[in-house]
Amino acid sequence: MLQNENAIQTINLTKTFKSKNSNPNAGPFRRKTTSVKAVDHLNLEIKKGELFGLLGPNGAGKTTLVKMLCTLLPPTSGTALINGFDIIKQQMQVKRSLGTLFSVGERGFFWRLNGYRNLEFFAAIYNVPRQKREERIMEVLKLVGLENSAFELYQKYSGGMKRKLSLARTLLADPPVILLDEPTTGLDVISSRNVREFVRKTVQESGKTVLYTTHYIEEAAQICDRIGILKQGKIVALGTPNALRAKIKNEELIYIVVEEIKRSQIEKMRSLDGIIAITERTAEDLMPNQTGLCLELENVDQLPSIFGFLFGQKIKLVNFKREEPTLEDAFIELTKRE
Amino acid sequence: MLEEFEKIWYFMKRDIISFSTYKTNIIILVLTALFGALSFAYLGSNASVQSVVQYYGTNYTTYLLIGLAFSSYLTQSLTLVQKTINPWALEEVLVSPTRLSTFIIGSSIWSFIWSTAIVAIYLVVGVFIFGITLSINILGTVIVVALGISAFIGFSMIGSGILIVTKQGDPVTALITIATSLFGNVLFPPQVLPPVLQAISYVLPQYYFFKCIRLMLTGSTIQIILPNLEILSLMCAILVPLGYAIYSLCLKSARKNGTLSWF
């Protein structure tokens with residue numbers, strides 16, 4: 001075991017899938033084998049106790065990465081360390097250090113068993129000591145809020161309850177590192193929020209390291225310490241949610257609401273120095289004589305001349321605010337860059 | 001009305017197209033029907049009854065009952081590993097600190113207990129309703145059953161390994177099932193078959209298993225079945241490691257290609 005401050009570390013981790021052309025018209029001898037790099041020489045370090053969000057569009061390589069980290073999928077090249085253990089050479093130690101929740105994790109449960117009996121089975125295969133098993137099962141059931149449904153059949157659980165039981169299973173062996181692959185996919189708003197709050201609370205209180213993959217941007221922004229944006233198997237941006245927003249903040253966005261402005265006056269405004277673009281924005285709270293304008297400026301120094309123009313034209317300024325780019329803006333911008 | 005007929009046609013068309021994509025399965029179904037019909041031709045025939053008396057010294061009812069009871073045992077063993085490869089359960093277990101061998105044995109144990117109960121029901125019904133006479137050599141029976149199950153788990157691992165990779169019909173399990181009914185010494189002694197087909201029986205562990213188990217339940221000693229037991233042991237020694245190697249290899253291949261949960 002290597003001693004370092006990283007709970008998860010990938011070293012040039014790569015996974016290439018080979019697939020045959022599935023076009024039936026191609027004929028059996030004309031089907032070409034193509035290679036797709038799902039994860040491409042990935043170097044990532046996640047510190048102990050960190051809640052790290054991995055964000056990426058569908059097919060970015062998030063699930064492939066999680067499957068490699070939990071030893072389910074062997075890498076094509078490179079390796080990774082979990083809690084200091086190598087995912088290729090020390091698989092048993094890696095498995096003992098990990099709790100993994102797959103996006104379709106509910107299917108691993110036994111429908112004819114109740115929640116408690118399901119967890120009892122998984123506690124055994126995760127080496128939870130027999131004398132502590134019952135106590136630990138009730139502890140995790142309580143943590144996820146299922147203590148009153150412990151003896152109900154799994155098949156009667158709702159979607160949210162099933163996901164909670166998956167989370168409980170992930171925590172059963174009290175692993176130091178947790179991999180959560182899209183844990184809120186398919187859940188309603190309230191269940192999703194419960195899962196997020198639970199993850200945040202658990203991490204803060206127990207010092208566990210969590211790799212949290214999602215394609216819900218604001219979800220990652222709400223709970224993660226740092227976020228990595230994955231695109232075609234590569235990290236294209238890495239940092240805190242604020243740092244990622246700042247990455248695309250090359251220009252200033254100002255939103256103004258004015259009264260009785262004519263189209264010709266908007267055109268004149270466009271020709272002012274320092275204005276990159278003006279877009280009209282519709283909003284429900286605007287009065288019929290009001291117009292919302294989003295001004296894209298080179299920098300805020302242009303503001304006095306804009307205000308001067310408005311006063312000169314006797315246009316009444318009703319509202320004014322400086323706009324911050326959202327993480328969604330950052331995500332779209334960063335994933336569309338070549 | 002015409003629209004309804006059109007809908008029915010599209011239901012059928014959907015099923016035909018889906019069905020035709022499982023080519024291995026179609027071949028297996030046809031072969032099963034064919035060999036099943038053939039095996040019934042020999043069932044209870046004069047030749048079969050006479051052969052039973054000649055080779056086993058028992059009546060045909062005893063022969064058939066023991067055959068049916070223990071064939072259900074082998075069928076369970078044959079499908080055992082396959083039942084464990086539910087792709088999602090498999091992923092959940094493979095990420096836990098659990099060995100593959102523990103996983104296979106653990107997933108199998110209940111099926112064996114259940115199969116034992118089924119065999120017991122057959123035998124109890126045979127004794128109390130059909131009046132068959134049993135004189136059981138317990139040690140010999142346990143040894144033969146253990147060897148029979150081991151051989152079939154070998155087959156089961158080979159079939160399941162292939163299924164993990166191909167994701168379609170498992171030809172090994174299907175062929176073994178067909179072979180058991182026709183050449184396996186279950187419903188009639190293979191001695192009633194033409195010599196060419198008899199040769200197939202002698203290379204199958206089923207033949208030796210059923211021969212040994214019948215003798216162990218009807219008063220013979222282990223010494224008498226020893227030559228057959230040696231052949232059965234040899235087959236186990238080949239099938240079990242071979243099956244495990246093929247299963248591990250196919251599992252490794254599916255993990256490498258990321259197709260473990262594709263079914």
# chains A, B, ... in the order shown; residues from 1 in each chain; ligands from 1
$ residues_around --residues "Ile176 of chain B" --least-positions-apart "2" --cutoff "10 Å" --atoms "only C-alpha atoms" --output "list in words"
Thr75, Leu78, Phe152, Phe155, Ser156, Gly159, Pro171, Val172, Thr173, Ala174, Ile178, Ala179, Thr180, Ser181, Leu182, Phe183, Gly184, Leu204 and Gln206 of chain B
$ interface_residues --of "chain A" --to "chain B" --cutoff "10 Å" --atoms "only C-alpha atoms" --output "PyMOL selection string"
chain A and resi 15-19+64+67-76+91-102+104-110+122-127
$ select_by_dssp --residues "segment 147-320 of chain A" --states "strand (DSSP E or B)" --output "ChimeraX atom specification"
/A:153,177-181,209-214,226-231,234-239,252-259,275-281,290-297,316-320
$ residues_around --residues "segment 243-246 of chain B" --least-positions-apart "2" --cutoff "8 Å" --atoms "only C-alpha atoms" --output "PyMOL selection string"
chain B and resi 153-158+161+239-241+248-250
$ select_by_dssp --residues "segment 58-248 of chain B" --states "helix (DSSP H, G or I)" --output "PyMOL selection string"
chain B and resi 60-83+87-94+100-128+138-166+171-183+190-192+195-202+205-217+222-248
$ residues_around --residues "Ser115 of chain B" --least-positions-apart "4" --cutoff "8 Å" --atoms "only C-alpha atoms" --output "PyMOL selection string"
chain B and resi 72-73+76+111+119
$ decode --residues "segment 16-151 of chain B" --atoms "C-alpha atoms" --output "PDB file, in the first residue's frame"
ATOM      1  CA  ILE B  16     -41.228 -13.838 -35.851  1.00  0.00           C
ATOM      2  CA  ILE B  17     -38.512 -11.223 -36.278  1.00  0.00           C
ATOM      3  CA  SER B  18     -37.531 -11.407 -32.583  1.00  0.00           C
ATOM      4  CA  PHE B  19     -37.594 -15.212 -32.608  1.00  0.00           C
ATOM      5  CA  SER B  20     -35.487 -15.441 -35.763  1.00  0.00           C
ATOM      6  CA  THR B  21     -32.666 -13.474 -34.137  1.00  0.00           C
ATOM      7  CA  TYR B  22     -32.104 -16.340 -31.666  1.00  0.00           C
ATOM      8  CA  LYS B  23     -30.736 -18.798 -34.232  1.00  0.00           C
ATOM      9  CA  THR B  24     -28.944 -21.026 -31.728  1.00  0.00           C
ATOM     10  CA  ASN B  25     -32.112 -21.253 -29.710  1.00  0.00           C
ATOM     11  CA  ILE B  26     -34.145 -22.332 -32.764  1.00  0.00           C
ATOM     12  CA  ILE B  27     -31.698 -25.159 -33.535  1.00  0.00           C
ATOM     13  CA  ILE B  28     -31.771 -26.234 -29.888  1.00  0.00           C
ATOM     14  CA  LEU B  29     -35.578 -26.294 -29.788  1.00  0.00           C
ATOM     15  CA  VAL B  30     -35.815 -28.386 -32.955  1.00  0.00           C
ATOM     16  CA  LEU B  31     -33.153 -30.837 -31.734  1.00  0.00           C
ATOM     17  CA  THR B  32     -34.838 -31.168 -28.339  1.00  0.00           C
ATOM     18  CA  ALA B  33     -38.161 -32.054 -29.966  1.00  0.00           C
ATOM     19  CA  LEU B  34     -36.495 -34.509 -32.337  1.00  0.00           C
ATOM     20  CA  PHE B  35     -34.441 -36.365 -29.734  1.00  0.00           C
ATOM     21  CA  GLY B  36     -37.248 -36.197 -27.183  1.00  0.00           C
ATOM     22  CA  ALA B  37     -39.545 -38.026 -29.630  1.00  0.00           C
ATOM     23  CA  LEU B  38     -36.822 -40.585 -30.354  1.00  0.00           C
ATOM     24  CA  SER B  39     -36.234 -41.309 -26.672  1.00  0.00           C
ATOM     25  CA  PHE B  40     -39.958 -41.942 -26.109  1.00  0.00           C
ATOM     26  CA  ALA B  41     -39.855 -44.620 -28.810  1.00  0.00           C
ATOM     27  CA  TYR B  42     -37.654 -46.708 -26.519  1.00  0.00           C
ATOM     28  CA  LEU B  43     -39.504 -45.887 -23.298  1.00  0.00           C
ATOM     29  CA  GLY B  44     -41.097 -49.004 -21.792  1.00  0.00           C
ATOM     30  CA  SER B  45     -40.429 -51.089 -24.918  1.00  0.00           C
ATOM     31  CA  ASN B  46     -39.932 -54.844 -24.532  1.00  0.00           C
ATOM     32  CA  ALA B  47     -36.273 -54.476 -25.365  1.00  0.00           C
ATOM     33  CA  SER B  48     -35.874 -51.875 -22.622  1.00  0.00           C
ATOM     34  CA  VAL B  49     -37.615 -53.981 -19.994  1.00  0.00           C
ATOM     35  CA  GLN B  50     -35.544 -57.040 -20.865  1.00  0.00           C
ATOM     36  CA  SER B  51     -32.308 -55.070 -20.824  1.00  0.00           C
ATOM     37  CA  VAL B  52     -33.092 -53.662 -17.400  1.00  0.00           C
ATOM     38  CA  VAL B  53     -33.545 -57.160 -15.991  1.00  0.00           C
ATOM     39  CA  GLN B  54     -30.402 -58.340 -17.748  1.00  0.00           C
ATOM     40  CA  TYR B  55     -28.077 -55.505 -16.741  1.00  0.00           C
ATOM     41  CA  TYR B  56     -29.454 -54.311 -13.415  1.00  0.00           C
ATOM     42  CA  GLY B  57     -31.405 -57.251 -12.064  1.00  0.00           C
ATOM     43  CA  THR B  58     -34.346 -55.000 -11.120  1.00  0.00           C
ATOM     44  CA  ASN B  59     -37.773 -54.302 -12.571  1.00  0.00           C
ATOM     45  CA  TYR B  60     -38.398 -51.472 -15.020  1.00  0.00           C
ATOM     46  CA  THR B  61     -40.335 -49.342 -12.481  1.00  0.00           C
ATOM     47  CA  THR B  62     -37.345 -49.248 -10.119  1.00  0.00           C
ATOM     48  CA  TYR B  63     -35.043 -48.468 -13.024  1.00  0.00           C
ATOM     49  CA  LEU B  64     -37.249 -45.645 -14.299  1.00  0.00           C
ATOM     50  CA  LEU B  65     -37.950 -44.123 -10.895  1.00  0.00           C
ATOM     51  CA  ILE B  66     -34.283 -43.916  -9.909  1.00  0.00           C
ATOM     52  CA  GLY B  67     -33.492 -42.529 -13.349  1.00  0.00           C
ATOM     53  CA  LEU B  68     -36.136 -39.801 -13.115  1.00  0.00           C
ATOM     54  CA  ALA B  69     -35.316 -38.904  -9.502  1.00  0.00           C
ATOM     55  CA  PHE B  70     -31.622 -38.442 -10.117  1.00  0.00           C
ATOM     56  CA  SER B  71     -31.987 -36.844 -13.545  1.00  0.00           C
ATOM     57  CA  SER B  72     -33.800 -33.954 -11.866  1.00  0.00           C
ATOM     58  CA  TYR B  73     -30.745 -33.756  -9.625  1.00  0.00           C
ATOM     59  CA  LEU B  74     -28.426 -33.477 -12.620  1.00  0.00           C
ATOM     60  CA  THR B  75     -30.678 -30.998 -14.410  1.00  0.00           C
ATOM     61  CA  GLN B  76     -30.459 -28.723 -11.356  1.00  0.00           C
ATOM     62  CA  SER B  77     -26.670 -29.007 -11.401  1.00  0.00           C
ATOM     63  CA  LEU B  78     -26.563 -28.288 -15.102  1.00  0.00           C
ATOM     64  CA  THR B  79     -28.445 -24.995 -14.845  1.00  0.00           C
ATOM     65  CA  LEU B  80     -26.879 -24.044 -11.544  1.00  0.00           C
ATOM     66  CA  VAL B  81     -24.032 -21.797 -12.666  1.00  0.00           C
ATOM     67  CA  GLN B  82     -26.244 -20.254 -15.331  1.00  0.00           C
ATOM     68  CA  LYS B  83     -28.693 -19.110 -12.665  1.00  0.00           C
ATOM     69  CA  THR B  84     -25.913 -17.210 -10.935  1.00  0.00           C
ATOM     70  CA  ILE B  85     -25.033 -15.126 -13.967  1.00  0.00           C
ATOM     71  CA  ASN B  86     -27.871 -12.680 -13.657  1.00  0.00           C
ATOM     72  CA  PRO B  87     -25.758  -9.797 -14.970  1.00  0.00           C
ATOM     73  CA  TRP B  88     -26.684  -7.275 -12.279  1.00  0.00           C
ATOM     74  CA  ALA B  89     -26.296  -9.661  -9.382  1.00  0.00           C
ATOM     75  CA  LEU B  90     -23.014 -10.732 -10.919  1.00  0.00           C
ATOM     76  CA  GLU B  91     -21.674  -7.170 -11.016  1.00  0.00           C
ATOM     77  CA  GLU B  92     -22.718  -6.521  -7.428  1.00  0.00           C
ATOM     78  CA  VAL B  93     -20.974  -9.665  -6.234  1.00  0.00           C
ATOM     79  CA  LEU B  94     -17.854  -9.146  -8.328  1.00  0.00           C
ATOM     80  CA  VAL B  95     -17.213  -5.725  -6.793  1.00  0.00           C
ATOM     81  CA  SER B  96     -17.359  -7.238  -3.301  1.00  0.00           C
ATOM     82  CA  PRO B  97     -14.344  -8.906  -1.689  1.00  0.00           C
ATOM     83  CA  THR B  98     -15.680 -12.365  -2.591  1.00  0.00           C
ATOM     84  CA  ARG B  99     -13.852 -15.071  -4.533  1.00  0.00           C
ATOM     85  CA  LEU B 100     -15.394 -16.434  -7.728  1.00  0.00           C
ATOM     86  CA  SER B 101     -15.302 -19.993  -6.348  1.00  0.00           C
ATOM     87  CA  THR B 102     -17.125 -18.862  -3.163  1.00  0.00           C
ATOM     88  CA  PHE B 103     -19.700 -17.144  -5.356  1.00  0.00           C
ATOM     89  CA  ILE B 104     -20.365 -20.263  -7.449  1.00  0.00           C
ATOM     90  CA  ILE B 105     -20.471 -22.652  -4.479  1.00  0.00           C
ATOM     91  CA  GLY B 106     -22.538 -20.263  -2.376  1.00  0.00           C
ATOM     92  CA  SER B 107     -25.049 -19.730  -5.160  1.00  0.00           C
ATOM     93  CA  SER B 108     -25.372 -23.500  -5.702  1.00  0.00           C
ATOM     94  CA  ILE B 109     -25.766 -24.946  -2.257  1.00  0.00           C
ATOM     95  CA  TRP B 110     -29.488 -24.415  -1.809  1.00  0.00           C
ATOM     96  CA  SER B 111     -30.262 -25.986  -5.196  1.00  0.00           C
ATOM     97  CA  PHE B 112     -28.479 -29.151  -4.048  1.00  0.00           C
ATOM     98  CA  ILE B 113     -30.396 -29.311  -0.803  1.00  0.00           C
ATOM     99  CA  TRP B 114     -33.644 -28.803  -2.686  1.00  0.00           C
ATOM    100  CA  SER B 115     -32.697 -31.431  -5.270  1.00  0.00           C
ATOM    101  CA  THR B 116     -31.962 -33.895  -2.465  1.00  0.00           C
ATOM    102  CA  ALA B 117     -35.451 -33.294  -1.089  1.00  0.00           C
ATOM    103  CA  ILE B 118     -36.954 -33.930  -4.542  1.00  0.00           C
ATOM    104  CA  VAL B 119     -34.977 -37.165  -4.917  1.00  0.00           C
ATOM    105  CA  ALA B 120     -36.174 -38.239  -1.466  1.00  0.00           C
ATOM    106  CA  ILE B 121     -39.809 -37.599  -2.495  1.00  0.00           C
ATOM    107  CA  TYR B 122     -39.364 -39.746  -5.618  1.00  0.00           C
ATOM    108  CA  LEU B 123     -37.850 -42.583  -3.618  1.00  0.00           C
ATOM    109  CA  VAL B 124     -40.452 -42.441  -0.838  1.00  0.00           C
ATOM    110  CA  VAL B 125     -43.264 -42.511  -3.420  1.00  0.00           C
ATOM    111  CA  GLY B 126     -41.493 -45.398  -5.179  1.00  0.00           C
ATOM    112  CA  VAL B 127     -41.184 -47.435  -2.013  1.00  0.00           C
ATOM    113  CA  PHE B 128     -44.607 -46.778  -0.489  1.00  0.00           C
ATOM    114  CA  ILE B 129     -46.798 -46.497  -3.580  1.00  0.00           C
ATOM    115  CA  PHE B 130     -45.065 -48.571  -6.270  1.00  0.00           C
ATOM    116  CA  GLY B 131     -43.566 -51.032  -3.822  1.00  0.00           C
ATOM    117  CA  ILE B 132     -40.024 -50.893  -5.128  1.00  0.00           C
ATOM    118  CA  THR B 133     -37.311 -52.369  -2.949  1.00  0.00           C
ATOM    119  CA  LEU B 134     -34.263 -50.297  -2.085  1.00  0.00           C
ATOM    120  CA  SER B 135     -31.133 -51.346  -0.267  1.00  0.00           C
ATOM    121  CA  ILE B 136     -29.040 -48.220  -0.043  1.00  0.00           C
ATOM    122  CA  ASN B 137     -25.255 -48.132   0.268  1.00  0.00           C
ATOM    123  CA  ILE B 138     -25.051 -44.668   1.833  1.00  0.00           C
ATOM    124  CA  LEU B 139     -21.317 -44.075   1.407  1.00  0.00           C
ATOM    125  CA  GLY B 140     -21.404 -45.296  -2.177  1.00  0.00           C
ATOM    126  CA  THR B 141     -24.464 -43.151  -2.950  1.00  0.00           C
ATOM    127  CA  VAL B 142     -22.821 -40.029  -1.520  1.00  0.00           C
ATOM    128  CA  ILE B 143     -19.652 -40.635  -3.528  1.00  0.00           C
ATOM    129  CA  VAL B 144     -21.540 -41.254  -6.783  1.00  0.00           C
ATOM    130  CA  VAL B 145     -23.811 -38.220  -6.275  1.00  0.00           C
ATOM    131  CA  ALA B 146     -20.814 -35.992  -5.476  1.00  0.00           C
ATOM    132  CA  LEU B 147     -19.032 -37.161  -8.628  1.00  0.00           C
ATOM    133  CA  GLY B 148     -22.159 -36.815 -10.785  1.00  0.00           C
ATOM    134  CA  ILE B 149     -22.830 -33.296  -9.536  1.00  0.00           C
ATOM    135  CA  SER B 150     -19.186 -32.318 -10.035  1.00  0.00           C
ATOM    136  CA  ALA B 151     -19.200 -33.550 -13.622  1.00  0.00           C
TER     137      ALA B 151
END
